[in-house]
>>> print(open('entry_6.tsv').read())   # TSV, C-alpha atoms
chain	number	residue	atom	x	y	z
B	3	MET	CA	-2.47	-17.53	20.85
B	4	SER	CA	-0.96	-14.06	21.06
B	5	ALA	CA	-3.09	-11.38	22.68
B	6	ARG	CA	-1.54	-8.80	20.38
B	7	PRO	CA	-3.44	-7.55	17.33
B	8	THR	CA	-2.44	-8.93	13.94
B	9	ALA	CA	-1.58	-6.95	10.83
B	10	LEU	CA	-1.04	-8.18	7.27
B	11	VAL	CA	1.14	-5.93	5.11
B	12	THR	CA	1.56	-6.48	1.37
B	13	GLY	CA	4.60	-5.30	-0.55
B	14	ALA	CA	6.51	-5.84	2.70
B	15	SER	CA	9.81	-6.99	1.23
B	16	ARG	CA	11.04	-3.43	0.68
B	17	GLY	CA	10.20	0.27	0.60
B	18	VAL	CA	7.05	1.54	2.25
B	19	GLY	CA	5.75	-1.94	3.05
B	20	ALA	CA	8.90	-2.83	4.99
B	21	ALA	CA	8.80	0.52	6.79
B	22	VAL	CA	5.16	-0.07	7.77
B	23	ALA	CA	6.10	-3.50	9.09
B	24	ARG	CA	8.80	-1.98	11.27
B	25	VAL	CA	6.56	0.66	12.84
B	26	LEU	CA	3.78	-1.85	13.55
B	27	ALA	CA	6.09	-4.56	14.91
B	28	PRO	CA	6.27	-3.23	18.51
B	29	THR	CA	2.50	-3.55	18.93
B	30	HIS	CA	1.32	-6.08	16.31
B	31	ASP	CA	2.01	-9.61	15.21
B	32	LEU	CA	2.72	-9.44	11.49
B	33	LEU	CA	2.07	-11.37	8.31
B	34	LEU	CA	4.41	-9.95	5.69
B	35	GLY	CA	3.24	-10.47	2.12
B	36	GLY	CA	5.24	-10.34	-1.08
B	37	ARG	CA	6.89	-12.37	-3.81
B	38	ASP	CA	10.51	-12.14	-2.57
B	39	ALA	CA	10.57	-14.92	0.01
B	40	GLU	CA	14.23	-14.33	0.85
B	41	ALA	CA	13.72	-10.63	1.59
B	42	LEU	CA	10.61	-11.39	3.63
B	43	GLY	CA	12.53	-13.96	5.65
B	44	LYS	CA	15.27	-11.47	6.45
B	45	LEU	CA	12.76	-8.88	7.60
B	46	CYS	CA	10.92	-11.41	9.73
B	47	ALA	CA	14.19	-12.38	11.40
B	48	GLU	CA	14.57	-8.71	12.35
B	49	LEU	CA	11.05	-8.36	13.73
B	50	PRO	CA	9.86	-10.70	16.54
B	51	GLY	CA	6.27	-11.76	15.99
B	52	ALA	CA	6.55	-11.49	12.18
B	53	ARG	CA	5.91	-14.33	9.74
B	54	PRO	CA	6.48	-14.35	5.97
B	55	TRP	CA	3.46	-14.70	3.71
B	56	PRO	CA	5.06	-15.29	0.29
B	57	VAL	CA	2.36	-15.04	-2.35
B	58	GLU	CA	1.59	-13.78	-5.84
B	59	LEU	CA	-1.03	-11.16	-5.01
B	60	THR	CA	-2.68	-11.37	-8.42
B	61	ALA	CA	-3.43	-15.06	-7.82
B	62	VAL	CA	-4.51	-15.17	-4.17
B	63	THR	CA	-7.14	-17.80	-3.33
B	64	GLU	CA	-9.11	-18.86	-0.26
B	65	ALA	CA	-6.40	-21.42	0.44
B	66	ASP	CA	-3.84	-18.62	0.88
B	67	VAL	CA	-5.87	-16.96	3.64
B	68	ALA	CA	-6.98	-20.18	5.34
B	69	GLY	CA	-6.31	-19.93	9.06
B	70	ILE	CA	-6.58	-16.14	9.19
B	71	ASP	CA	-9.71	-15.98	11.30
B	72	ARG	CA	-9.17	-12.57	12.83
B	73	LEU	CA	-7.28	-9.64	11.31
B	74	ASP	CA	-6.96	-6.24	12.95
B	75	VAL	CA	-5.11	-4.38	10.19
B	76	LEU	CA	-4.69	-4.95	6.45
B	77	VAL	CA	-2.21	-2.64	4.72
B	78	HIS	CA	-2.12	-2.65	0.92
B	79	SER	CA	1.32	-1.40	-0.07
B	80	ALA	CA	2.22	-3.39	-3.20
B	81	GLY	CA	2.02	-1.64	-6.55
B	82	VAL	CA	3.51	-1.21	-10.01
B	83	VAL	CA	3.97	1.75	-12.34
B	84	THR	CA	4.78	1.99	-16.04
B	85	LEU	CA	4.92	5.46	-17.57
B	86	GLY	CA	4.09	6.37	-21.13
B	87	ARG	CA	1.85	8.50	-23.26
B	88	ILE	CA	-1.50	6.93	-24.04
B	89	GLU	CA	-0.51	6.44	-27.67
B	90	GLU	CA	2.50	4.42	-26.47
B	91	THR	CA	0.78	2.33	-23.78
B	92	PRO	CA	-0.46	-1.09	-24.95
B	93	ALA	CA	-3.36	-2.96	-23.40
B	94	GLU	CA	-1.11	-5.35	-21.49
B	95	VAL	CA	0.33	-2.44	-19.47
B	96	TRP	CA	-3.15	-1.23	-18.55
B	97	ARG	CA	-4.20	-4.76	-17.61
B	98	ARG	CA	-1.13	-5.48	-15.49
B	99	THR	CA	-1.35	-2.13	-13.70
B	100	MET	CA	-5.02	-2.55	-12.90
B	101	GLU	CA	-4.52	-6.18	-11.91
B	102	VAL	CA	-1.82	-5.40	-9.33
B	103	ASN	CA	-2.95	-1.98	-8.10
B	104	VAL	CA	-6.71	-2.55	-7.96
B	105	VAL	CA	-7.99	-6.08	-8.65
B	106	ALA	CA	-5.51	-7.79	-6.32
B	107	VAL	CA	-6.36	-5.29	-3.57
B	108	ALA	CA	-10.09	-5.85	-4.00
B	109	GLU	CA	-9.81	-9.63	-4.06
B	110	LEU	CA	-7.52	-9.91	-1.04
B	111	THR	CA	-9.80	-7.58	0.91
B	112	ARG	CA	-12.85	-9.62	-0.11
B	113	LEU	CA	-11.24	-12.85	1.03
B	114	LEU	CA	-10.22	-11.32	4.36
B	115	LEU	CA	-13.49	-9.53	5.13
B	116	PRO	CA	-14.68	-12.21	7.58
B	117	ALA	CA	-11.42	-11.89	9.53
B	118	LEU	CA	-11.56	-8.09	9.43
B	119	ARG	CA	-15.18	-8.06	10.57
B	120	ALA	CA	-14.36	-10.39	13.45
B	121	ALA	CA	-11.81	-7.86	14.72
B	122	ARG	CA	-13.72	-4.72	13.70
B	123	GLY	CA	-10.45	-4.05	11.93
B	124	GLN	CA	-8.89	-1.50	9.63
B	125	VAL	CA	-7.89	-1.43	5.96
B	126	VAL	CA	-5.17	0.99	4.84
B	127	ALA	CA	-4.56	1.59	1.14
B	128	ILE	CA	-1.28	3.23	0.16
B	129	ASN	CA	-2.41	5.33	-2.78
B	130	SER	CA	-0.51	8.21	-4.43
B	131	GLY	CA	-0.80	11.84	-5.40
B	132	SER	CA	-1.72	10.29	-8.75
B	133	GLY	CA	-4.94	9.12	-7.11
B	134	LEU	CA	-5.94	12.77	-6.77
B	135	HIS	CA	-4.46	14.38	-9.89
B	136	ALA	CA	-3.63	12.80	-13.26
B	137	ASN	CA	-0.65	14.02	-15.30
B	138	PRO	CA	0.70	13.31	-18.80
B	139	THR	CA	2.47	9.95	-19.19
B	140	TRP	CA	0.92	8.70	-15.93
B	141	GLY	CA	-2.36	7.54	-17.50
B	142	SER	CA	-2.47	3.85	-16.58
B	143	TYR	CA	-1.04	4.39	-13.11
B	144	ALA	CA	-3.31	7.35	-12.30
B	145	ALA	CA	-6.34	5.44	-13.55
B	146	SER	CA	-5.48	2.56	-11.22
B	147	LYS	CA	-5.02	4.90	-8.27
B	148	PHE	CA	-8.28	6.73	-8.96
B	149	ALA	CA	-9.90	3.28	-8.98
B	150	LEU	CA	-8.17	2.36	-5.72
B	151	ARG	CA	-9.51	5.56	-4.18
B	152	ALA	CA	-13.04	4.63	-5.29
B	153	PHE	CA	-12.60	1.13	-3.90
B	154	ALA	CA	-11.64	2.46	-0.47
B	155	ASP	CA	-14.50	4.98	-0.46
B	156	VAL	CA	-17.04	2.28	-1.29
B	157	LEU	CA	-15.59	-0.19	1.22
B	158	ARG	CA	-15.85	2.44	3.94
B	159	GLN	CA	-19.56	2.87	3.24
B	160	GLU	CA	-20.36	-0.81	2.80
B	161	GLU	CA	-18.47	-1.92	5.91
B	162	PRO	CA	-19.23	0.71	8.58
B	163	ALA	CA	-17.79	-1.48	11.33
B	164	LEU	CA	-14.34	-1.20	9.71
B	165	ARG	CA	-12.05	1.79	9.55
B	166	VAL	CA	-10.79	2.40	6.01
B	167	THR	CA	-7.92	4.81	5.38
B	168	THR	CA	-6.36	5.99	2.14
B	169	VAL	CA	-2.87	7.49	2.28
B	170	TYR	CA	-1.84	9.77	-0.61
B	171	PRO	CA	1.93	10.29	-0.50
B	172	GLY	CA	4.01	12.32	-2.92
B	173	ARG	CA	7.26	10.96	-4.30
B	174	ILE	CA	9.01	8.56	-1.92
B	175	ASP	CA	12.67	7.55	-1.71
B	176	THR	CA	12.26	3.92	-2.83
B	177	ASP	CA	13.47	1.51	-5.49
B	178	MET	CA	10.13	2.06	-7.24
B	179	GLN	CA	10.87	5.78	-7.42
B	180	ARG	CA	14.29	5.05	-8.90
B	181	GLY	CA	12.52	3.15	-11.65
B	182	VAL	CA	10.11	6.04	-12.19
B	183	ARG	CA	12.91	8.56	-12.49
B	184	ALA	CA	14.71	6.29	-14.95
B	185	GLN	CA	11.54	6.19	-17.07
B	186	GLU	CA	11.35	9.98	-16.84
B	187	ASN	CA	15.05	10.32	-17.78
B	188	GLY	CA	15.45	12.49	-14.70
B	189	ALA	CA	17.95	12.74	-11.86
B	190	TYR	CA	17.22	10.83	-8.67
B	191	GLU	CA	17.05	13.38	-5.84
B	192	PRO	CA	16.18	11.57	-2.58
B	193	GLU	CA	16.53	14.76	-0.57
B	194	ARG	CA	13.42	16.06	-2.37
B	195	TYR	CA	11.30	13.00	-1.59
B	196	LEU	CA	9.48	11.59	1.41
B	197	THR	CA	11.16	8.77	3.28
B	198	PRO	CA	9.35	5.42	3.57
B	199	GLU	CA	9.44	5.93	7.33
B	200	SER	CA	7.43	9.16	7.02
B	201	VAL	CA	4.69	7.32	5.14
B	202	ALA	CA	4.81	4.48	7.65
B	203	ARG	CA	4.30	6.92	10.52
B	204	ALA	CA	1.17	8.22	8.79
B	205	VAL	CA	-0.13	4.65	8.63
B	206	LEU	CA	0.69	4.22	12.31
B	207	ALA	CA	-1.23	7.40	13.14
B	208	ALA	CA	-4.32	6.01	11.40
B	209	VAL	CA	-4.00	2.60	13.03
B	210	THR	CA	-3.47	3.97	16.53
B	211	ALA	CA	-6.12	6.70	16.37
B	212	SER	CA	-8.47	6.66	19.35
B	213	PRO	CA	-11.64	4.57	18.90
B	214	ASP	CA	-13.78	7.65	18.34
B	215	ALA	CA	-11.60	8.82	15.42
B	216	HIS	CA	-11.60	7.54	11.85
B	217	LEU	CA	-8.79	8.94	9.69
B	218	THR	CA	-10.27	8.43	6.26
B	219	ASP	CA	-7.77	10.26	4.04
B	220	ILE	CA	-4.18	11.33	4.70
B	221	THR	CA	-2.23	13.41	2.18
B	222	LEU	CA	1.56	13.68	2.52
B	223	ARG	CA	3.88	15.88	0.49
B	224	PRO	CA	7.65	16.31	0.82
B	225	ALA	CA	8.45	19.35	2.94
B	226	VAL	CA	10.46	22.17	1.39
B	227	ARG	CA	13.91	21.88	2.92
B	228	PRO	CA	16.18	24.88	3.44
B	229	VAL	CA	19.11	25.17	1.06
B	230	ALA	CA	22.39	24.53	2.85
>>> encode(input="entry_6.tsv", output="structure tokens")
Amino acid sequence: MSARPTALVTGASRGVGAAVARVLAPTHDLLLGGRDAEALGKLCAELPGARPWPVELTAVTEADVAGIDRLDVLVHSAGVVTLGRIEETPAEVWRRTMEVNVVAVAELTRLLLPALRAARGQVVAINSGSGLHANPTWGSYAASKFALRAFADVLRQEEPALRVTTVYPGRIDTDMQRGVRAQENGAYEPERYLTPESVARAVLAAVTASPDAHLTDITLRPAVRPVA
């Protein structure tokens, strides 16, 4: 058995999840969760000590986590977003958004609590600026992120032996952001966004904080860059 700590990262096939996997790989053995088994396999081939964990997060059961007896870090990075005014947003969008962004997070955490307790581990939730401020057309997504924020706050109080961190990034240069900008009918401007690696480094800072420090909330915004 490896003496290195173990981290499970969801949404690891791309974007922030993949970036988090890369920054944790030098110090952690990894379970990389997601639906795209091919992409997970490619990333695992790049990162020694990484194993794919292909799973539908909205349907995780005890069988899926069998054998995970000790878990040092759980990073929730998977998420979905569908924009639209409330009058245009049907119930199925609200249900799907809540199911992926909140219910799946809560259930996976619940199933892994024994393993996290055994390691006195850490849970990191990748939230959003929308978990702090709600804006027009972002109703279902913001509601899910406010709920995710509440989940993390409650978990932190109920499980004092664990460290629980919420990361609130602004817009990030990812495929998900490309989809958002398409829904907004706006130009994609990656130079104005955070990189996935910047968010991953914030996660690393929380995970590697000294034992006497508990980074509970981290807010990241894209820096204003000088005009060339």
>>> residues_near_point(input="entry_6.tsv", point="(12.4, -0.3, -5.0)", cutoff="12 Å", atoms="all atoms listed in the file", output="list in words")
Gly13, Ala14, Ser15, Arg16, Gly17, Val18, Gly19, Ala20, Ala80, Gly81, Val82, Val83, Ile174, Asp175, Thr176, Asp177, Met178, Gln179, Arg180, Gly181, Val182, Arg183 and Pro198 of chain B
>>> closest_residue(input="entry_6.tsv", among="B:Ile128, B:Ala149, B:Ala93, B:Ala184", to="Val22 in chain B", atoms="all atoms listed in the file")
B:Ile128
>>> closest_residue(input="entry_6.tsv", among="B:Met100, B:Leu113, B:Ala144, B:Ala5", to="Asp71 in chain B", atoms="only C-alpha atoms")
B:Leu113
>>> residues_around(input="entry_6.tsv", residues="range 72-79 of chain B", least_positions_apart="5", cutoff="9 Å", atoms="all atoms listed in the file", output="PyMOL selection string")
chain B and resi 7-14+18-19+22+30+107+111+114-129+205+209
>>> atom_distance(input="entry_6.tsv", atom1="CA of Lys147 in chain B", atom2="CA of Glu64 in chain B")
25.4 Å
>>> residues_around(input="entry_6.tsv", residues="Arg24 in chain B", least_positions_apart="3", cutoff="9 Å", atoms="all atoms listed in the file", output="list in words")
Gly19, Ala20, Ala21, Ala27, Pro28, Leu45, Glu48, Leu49, Glu199 and Ala202 of chain B
>>> atom_distance(input="entry_6.tsv", atom1="CA of Arg112 in chain B", atom2="CA of Arg165 in chain B")
15.0 Å
>>> atom_distance(input="entry_6.tsv", atom1="CA of Val25 in chain B", atom2="CA of Arg53 in chain B")
15.3 Å
>>> closest_residue(input="entry_6.tsv", among="B:Arg203, B:Arg6, B:Arg158, B:Arg173", to="Ala52 in chain B", atoms="all atoms listed in the file")
B:Arg6
>>> residues_around(input="entry_6.tsv", residues="Ile88 in chain B", least_positions_apart="4", cutoff="9 Å", atoms="all atoms listed in the file", output="number ranges by chain")
B: 92, 138-142
